[in-house]
$ cat coords_6.txt   # compact mmCIF, C-alpha atoms
# COMPACT_ATOMS: atom_id res chain seq x y z
CA VAL G 24 0.00 0.00 0.00
CA VAL G 25 1.11 3.55 -0.72
CA VAL G 26 -0.06 6.07 1.87
CA VAL G 27 -0.14 9.69 0.73
CA SER G 28 -0.17 12.33 3.45
CA ALA G 29 0.96 15.86 4.18
CA GLY G 30 3.70 14.47 6.42
CA VAL G 31 3.88 13.83 10.12
CA LYS G 32 1.70 16.05 12.30
CA SER G 33 3.86 18.65 13.92
CA ILE G 34 2.50 17.87 17.38
CA LEU G 35 4.44 14.61 17.15
CA ASP G 36 8.20 14.15 17.29
CA ILE G 37 8.84 13.99 13.55
CA ARG G 38 12.42 12.72 13.81
CA ARG G 39 11.38 9.86 16.10
CA THR G 40 8.38 9.04 13.92
CA LEU G 41 10.63 8.74 10.85
CA GLU G 42 13.06 6.58 12.83
CA MET G 43 10.20 4.29 13.91
CA LEU G 44 8.97 3.96 10.33
CA GLU G 45 12.50 3.06 9.25
CA THR G 46 12.79 0.51 12.05
CA MET G 47 9.51 -1.06 10.92
CA GLY G 48 10.79 -1.22 7.33
CA VAL G 49 8.38 1.40 6.00
CA PRO G 50 10.03 3.76 3.53
CA ALA G 51 9.10 7.41 3.98
CA ALA G 52 9.73 9.94 1.24
CA SER G 53 8.83 13.50 0.32
CA PHE G 54 7.09 14.23 -2.96
CA GLY G 55 8.17 17.07 -5.21
CA SER G 56 11.22 18.81 -6.56
CA GLU G 57 14.43 18.91 -4.54
CA GLU G 58 13.70 22.51 -3.60
CA GLU G 59 10.12 21.72 -2.50
CA ALA G 60 10.77 18.43 -0.76
CA ARG G 61 14.31 18.56 0.64
CA ASP G 62 12.91 18.47 4.19
CA PHE G 63 10.18 16.15 5.39
CA PRO G 64 6.80 17.93 5.53
CA ALA G 65 5.26 18.80 8.90
CA PHE G 66 1.63 18.45 7.81
CA PHE G 67 0.55 22.09 7.66
CA SER G 68 4.07 23.35 7.01
CA PRO G 69 5.86 22.26 3.84
CA SER G 70 9.08 21.83 5.83
CA SER G 71 9.80 20.39 9.26
CA GLY G 72 13.49 21.29 9.13
CA ILE G 73 14.28 17.56 9.22
CA PRO G 74 15.88 16.20 6.04
CA SER G 75 13.66 13.79 4.14
CA PRO G 76 15.00 10.22 4.08
CA ALA G 77 14.11 9.99 0.38
CA ARG G 78 12.37 11.99 -2.32
CA PHE G 79 10.26 11.32 -5.39
CA ASP G 80 9.96 13.87 -8.19
CA ASN G 81 6.75 12.46 -9.62
CA ALA G 82 4.06 9.77 -9.46
CA GLU G 83 5.89 7.58 -11.98
CA GLN G 84 8.89 7.27 -9.64
CA VAL G 85 6.61 6.35 -6.72
CA ALA G 86 4.88 3.68 -8.80
CA THR G 87 8.21 2.23 -9.95
CA ALA G 88 9.52 2.01 -6.38
CA TYR G 89 6.28 0.53 -5.08
CA LEU G 90 6.10 -2.14 -7.80
CA ALA G 91 9.78 -2.99 -7.26
CA SER G 92 9.10 -3.55 -3.55
CA LEU G 93 6.21 -5.87 -4.45
CA GLU G 94 8.40 -7.74 -6.92
CA MET G 95 11.01 -8.27 -4.19
CA GLY G 96 8.32 -9.61 -1.87
CA LEU G 97 8.72 -6.87 0.71
CA PRO G 98 5.78 -6.93 3.14
CA ASN G 99 5.68 -3.20 3.76
CA GLY G 100 3.92 -0.23 2.32
CA MET G 101 5.41 3.21 1.88
CA LEU G 102 4.64 6.71 3.07
CA VAL G 103 4.70 9.48 0.48
CA SER G 104 4.46 12.92 2.04
CA VAL G 105 3.37 15.88 -0.03
CA PRO G 106 4.38 19.34 1.21
CA ASN G 107 1.37 21.54 1.93
CA ARG G 108 1.38 24.36 -0.61
CA ASP G 109 -1.49 26.30 0.95
CA PRO G 110 -0.22 29.77 1.94
CA ALA G 111 -2.09 29.58 5.27
CA GLY G 112 -0.12 26.47 6.23
CA GLU G 113 2.73 28.41 7.82
CA THR G 114 0.28 30.50 9.85
CA VAL G 115 -1.47 27.36 11.03
CA GLU G 116 1.84 25.76 11.96
CA ALA G 117 2.82 28.81 14.02
CA ALA G 118 -0.56 28.68 15.79
CA ILE G 119 -0.02 24.99 16.57
CA GLN G 120 3.38 25.68 18.12
CA GLU G 121 1.96 28.57 20.20
CA THR G 122 -0.93 26.39 21.33
CA LEU G 123 1.38 23.51 22.28
CA ALA G 124 3.33 25.91 24.50
CA GLU G 125 0.08 27.21 25.98
CA ALA G 126 -1.14 23.67 26.72
CA ASP G 127 2.15 22.94 28.47
CA GLU G 128 1.90 26.13 30.55
CA LEU G 129 -1.67 25.27 31.55
CA GLY G 130 -0.74 21.68 32.41
CA ILE G 131 -3.03 20.18 29.80
CA THR G 132 -1.94 16.59 29.16
CA GLY G 133 -3.03 13.25 27.74
CA ARG G 134 -6.29 12.94 25.91
CA ASP G 135 -7.19 16.58 26.65
CA VAL G 136 -4.35 17.94 24.49
CA THR G 137 -5.80 17.25 21.02
CA PRO G 138 -9.25 18.83 21.59
CA PHE G 139 -7.56 21.84 23.21
CA ILE G 140 -5.18 22.25 20.27
CA LEU G 141 -7.91 21.88 17.64
CA LYS G 142 -10.13 24.48 19.33
CA ARG G 143 -7.37 27.02 20.02
CA VAL G 144 -5.77 26.68 16.57
CA ALA G 145 -9.15 27.25 14.88
CA GLU G 146 -9.63 30.35 17.05
CA ARG G 147 -6.11 31.66 16.48
CA THR G 148 -6.24 31.20 12.71
CA LYS G 149 -9.83 32.44 12.36
CA GLY G 150 -10.75 29.31 10.40
CA ASP G 151 -7.64 29.19 8.20
CA SER G 152 -6.71 25.84 9.74
CA LEU G 153 -9.84 24.25 8.26
CA LYS G 154 -9.22 25.89 4.87
CA SER G 155 -5.60 24.73 4.86
CA ASN G 156 -6.60 21.22 5.92
CA THR G 157 -9.15 21.08 3.09
CA ALA G 158 -6.53 22.24 0.58
CA LEU G 159 -4.03 19.59 1.66
CA VAL G 160 -6.68 16.85 1.54
CA LYS G 161 -7.47 17.81 -2.07
CA GLN G 162 -3.78 17.98 -2.94
CA ASN G 163 -3.07 14.57 -1.39
CA ALA G 164 -6.05 13.03 -3.18
CA SER G 165 -4.75 14.38 -6.48
CA VAL G 166 -1.24 13.02 -5.89
CA GLY G 167 -2.68 9.69 -4.71
CA ALA G 168 -4.80 9.44 -7.86
CA ASP G 169 -1.76 10.20 -10.04
CA ILE G 170 0.22 7.47 -8.26
CA SER G 171 -2.63 4.98 -8.72
CA ILE G 172 -2.79 5.78 -12.42
CA GLN G 173 0.97 5.26 -12.79
CA ILE G 174 0.84 1.94 -10.89
CA SER G 175 -1.96 0.79 -13.19
CA LYS G 176 -0.08 1.91 -16.32
CA GLN G 177 3.13 0.19 -15.26
CA ARG G 178 1.32 -3.03 -14.37
CA HIS G 179 -0.44 -2.93 -17.74
CA GLN G 180 2.92 -2.47 -19.51
CA GLU G 181 4.35 -5.43 -17.57
CA ASN G 182 1.38 -7.59 -18.58
CA LEU G 183 1.79 -6.61 -22.23
CA GLY G 184 5.48 -7.51 -22.03
CA GLU G 185 4.65 -10.93 -20.55
CA GLU G 186 2.06 -11.63 -23.24
CA SER G 187 4.45 -10.88 -26.08
CA ALA G 188 7.25 -13.00 -24.60
$ encode --input "coords_6.txt" --output "structure tokens"
Amino acid sequence: VVVVSAGVKSILDIRRTLEMLETMGVPAASFGSEEEARDFPAFFSPSSGIPSPARFDNAEQVATAYLASLEMGLPNGMLVSVPNRDPAGETVEAAIQETLAEADELGITGRDVTPFILKRVAERTKGDSLKSNTALVKQNASVGADISIQISKQRHQENLGEESA
């Protein structure tokens, strides 16, 4: 399976999350040009400041890597993270960081953290967090569709090659 996301949520430890994925044998890569995807995305922010373990320029490269892993019998999927290109993303990310600090100051912990963050970020961004989230969902769906098309095309080409052999 290929999972397409906007990266690791910035409320998590991104470096540790990438290390855990690597330990579990799940490749994680950024999607886009070297300039766009040098760093691993932080969900709302296109860059977490943490270098991406790998990078794909386009859907064709993702499909090729995915089909190669299937051919080798690898039991894992892969995570393809698309940097959020919505201009409000940086504002939302800043609001998240401010709200995390506020939650810490107020002693909010455990299961109460996420609802607090969601509410405060929506207030701080005056609804831009929802708009940015909607934009990244659409962007990820588009990239995911492109990857699916490329996987289908490459499988079809393989089948044609087998038939003519």
$ closest_residue --input "coords_6.txt" --among "G:Glu57, G:Asp62, G:Glu181, G:Glu113" --to "Val31 in chain G" --atoms "all atoms listed in the file"
G:Asp62
$ closest_atom_pairs --input "coords_6.txt" --of "range 58-137 of chain G" --to "range 161-164 of chain G" --cutoff "10 Å" --atoms "all atoms listed in the file" --output "Markdown table"
| residue | atom | partner | partner_atom | distance |
| --- | --- | --- | --- | --- |
| G:Val103 | CA | G:Asn163 | CA | 9.5 |
| G:Ser104 | CA | G:Asn163 | CA | 8.4 |
| G:Val105 | CA | G:Asn163 | CA | 6.7 |
| G:Pro106 | CA | G:Asn163 | CA | 9.2 |
| G:Asn107 | CA | G:Gln162 | CA | 7.9 |
| G:Arg108 | CA | G:Gln162 | CA | 8.5 |
| G:Asp109 | CA | G:Gln162 | CA | 9.5 |
$ residues_near_point --input "coords_6.txt" --point "(12.1, 11.4, 0.5)" --cutoff "7 Å" --atoms "only C-alpha atoms" --output "number ranges by chain"
G: 51-54, 75-79
$ closest_residue --input "coords_6.txt" --among "G:Gly100, G:Gly167, G:Pro74, G:Gly55" --to "Val24 in chain G" --atoms "all atoms listed in the file"
G:Gly100
$ residues_around --input "coords_6.txt" --residues "Glu125 in chain G" --least-positions-apart "3" --cutoff "12 Å" --atoms "all atoms listed in the file" --output "list in words"
Ala118, Ile119, Gln120, Glu121, Thr122, Glu128, Leu129, Gly130, Ile131, Thr132, Val136, Phe139, Ile140, Arg143 and Val144 of chain G
$ closest_residue --input "coords_6.txt" --among "G:Leu35, G:Val27, G:Ala111, G:Ala82" --to "Ile172 in chain G" --atoms "all atoms listed in the file"
G:Ala82
$ closest_residue --input "coords_6.txt" --among "G:Ala65, G:Leu97, G:Leu123, G:Val25" --to "Ile37 in chain G" --atoms "all atoms listed in the file"
G:Ala65
